[in-house]
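J.: Got a structure for you, written out below as structure tokens; questions coming shortly.
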Amino acid sequence: MTSTASKGSRSTVGWWPWVLMAVVVVALLAVGSLGGDPPTLEERAQNLEESIRCPSCARQSVANSDAPSAEAVRVLISERLEAGDSNEEIRDYVASRYPNGRQLLLDPTGEGFGALVWALPVVAVIVAVAALVRRFGDWRPGELQATEEDRDLVAAALARRGEAGADGGNGPDGGSGPYGAPSVDAAGGDES
Amino acid sequence: MGRLPSSRVAAIAVGVVVALLVVLLATREPAADRKSTSQLIGQQAPAIGGEPLLGDPFDIGATDRWVVVNFFASWCVPCVEEHPELVAFSEEHAETGDARVVSVVYSDKEEDVLDFFGRFGGDWTVFDSDQGRTALDWGVARVPESYLVAPTGVVVAWFVSGVTQTELNAVIDRYTQETGS
């Protein structure tokens with residue numbers, strides 16, 4: 001088997017696990033996000049209560065507050081849900097009532113400046129993966145196989161070093177290594 | 001080669017993004033400067049739901065008078081403090097018939113409300129809180145809050161933490177002069 005053939009088969013095989021992994025991830029995400037029963041009205045109410053700040057509180061959500069204004073929002077949410085309003089319509093209504101009402105929405109909306117909060121992590125992940133692929137795309141551990149040419153080069157280099165050692169003086173790093181010639185040198189170096 | 005190394009490109013890209021963010025944040029209107037005003041100013045007054053605890057039923061959409069809509073609770077000290085002002089305003093305009101007051105209870109018990117009006121006076125319509133829904137529709141988060149509604153049904157002024165007879169009359173006078181009516 002020549003090195004070219006080995007490289008070709010490796011790169012063909014090399015992509016399959018990635019494709020398979022991508023398919024599995026996409027399938028699992030699809031099942032996780034689309035599957036299951038639609039949320040009940042109580043679940044939607046709970047989610048909404050957690051995503052809207054109590055109008056008279058500094059930080060608590062409507063779900064966590066006993067303030068009258070929070071109670072009013074809870075009543076509104078259940079009324080509006082039963083009337084068939086969407087989550088976003090209810091959030092918009094509450095926000096439209098109060099001064100600086102958008103600040104009552106604890107989840108940033110997906111529009112305007114708030115969209116950055118959702119978009120930036122996705123962009124960061126894509127950039128990071130792209131950078132990793134770019135950096136390590138060509139890297140194949142074990143793919144490098146020494147050719148006869150390489151061995152000749154190494155042998156020549158070792159031979160040169162051996163001569164230098166014999167000519168006198170220990171090389172600065174002329175010591176370690178499992179190779180025949182330098183190890184003699186190393187023994188000499190240790191004595192001095 | 002003439003090509004920048006990819007690490008340099010990445011560093012420049014990150015730098016550009018950070019610089020853009022800084023510019024974006026620095027040029028936004030500071031949160032502290034954002035004007036905190038009622039969303040209702042200039043809008044048609046929302047309906048007042050709930051049942052009257054005191055006084056006659058009253059439809060805010062069907063009146064040709066100025067209306068002060070006062071949100072209050074008997075447990076709220078500033079509400080007790082502003083109440084004589086509302087009583088004075090109400091009595092002053094009862095003679096001319098050009099303005100009236102209505103109150104909306106904010107998270108309070110009926111007997112406490114009746115006791116409040118028994119002690120401090122005021123003979124205008126008082127609506128129950130309707131589970132806070134009226135306050136929510138008007139955007140009331142704390143009491144006392146009062147809204148001045150023009151005879152056209154449009155909300156023209158918003159008063160938080162107390163209102164005086166003088167303030168109410170000043171707004172009415174200014175508005176009347178401006179519109180010449």
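Letters A, B, ... go to the chains of the structure tokens in the order shown; residues in each chain start at 1; ligands are counted from 1 in the same order.
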I need the residues of stretch 55-159 of chain B that end up classed as helix (DSSP H, G or I) by DSSP on the backbone, written out as an NGL selection string.

T.: :B and (60-62 or 77-96 or 110-120 or 130-138)

J.: Would you please give, as a ChimeraX atom specification, all residues of chain B that DSSP assigns to strand (DSSP E) based on the backbone?

T.: /B:52-54,66-72,99-105,125-127,145-149,155-160

J.: Please determine the contact residues of chain B with respect to chain A at a cut-off of 12 Å, counting only C-alpha atoms, and supply them as a PyMOL selection string.

T.: chain B and resi 5-7+9-11+13-14+17-18+21+24-25+28+31-41+43+45-46+73+105-108+129-143+158+160

J.: Just the number, please: distance in Å from atom CA of B:Phe116 to atom CA of B:Gln165, one decimal.

T.: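 For atom CA of B:Phe116 relative to atom CA of B:Gln165, the distance reads 19.6 Å.
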
J.: State, in Å with one decimal place, the distance from atom CA of B:Ser74 to atom CA of B:Lys109.

T.: 8.6 Å

J.: Which residues come within 10 Å of stretch 83-89 of chain A, counting only C-alpha atoms, excluding same-chain residues fewer than 4 positions away, as a PyMOL selection string?

T.: chain A and resi 41+44-45+47-48+77-79+93-95+109

J.: Let's have the selection written as a CSV table (one decimal), in the first residue's frame, with N, CA and C atoms.

T.:
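Below is the file again.csv, written as the result:
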```csv
chain,number,residue,atom,x,y,z
A,41,LEU,N,-52.5,25.3,28.7
A,41,LEU,CA,-52.7,26.7,29.0
A,41,LEU,C,-52.0,27.1,30.3
A,44,ARG,N,-48.3,27.4,29.6
A,44,ARG,CA,-48.1,28.7,28.9
A,44,ARG,C,-48.2,29.8,29.9
A,45,ALA,N,-49.2,29.8,30.8
A,45,ALA,CA,-49.4,30.8,31.8
A,45,ALA,C,-48.1,30.9,32.7
A,47,ASN,N,-45.1,29.9,32.0
A,47,ASN,CA,-44.0,30.5,31.2
A,47,ASN,C,-44.1,32.0,31.1
A,48,LEU,N,-45.3,32.5,30.8
A,48,LEU,CA,-45.5,33.9,30.6
A,48,LEU,C,-45.2,34.6,31.9
A,77,ILE,N,-53.2,37.4,32.1
A,77,ILE,CA,-52.6,36.3,31.3
A,77,ILE,C,-53.6,35.2,31.2
A,78,SER,N,-54.3,34.8,32.3
A,78,SER,CA,-55.2,33.7,32.2
A,78,SER,C,-56.4,34.1,31.3
A,79,GLU,N,-56.9,35.3,31.5
A,79,GLU,CA,-58.0,35.8,30.6
A,79,GLU,C,-57.6,35.7,29.1
A,93,TYR,N,-49.0,43.3,25.0
A,93,TYR,CA,-50.1,44.1,25.6
A,93,TYR,C,-49.6,44.7,27.0
A,94,VAL,N,-49.0,43.8,27.8
A,94,VAL,CA,-48.5,44.2,29.1
A,94,VAL,C,-47.4,45.3,28.9
A,95,ALA,N,-46.5,45.1,27.9
A,95,ALA,CA,-45.5,46.1,27.7
A,95,ALA,C,-46.0,47.4,27.2
A,109,THR,N,-36.6,40.4,23.4
A,109,THR,CA,-37.3,40.0,22.2
A,109,THR,C,-36.4,39.8,21.1
```
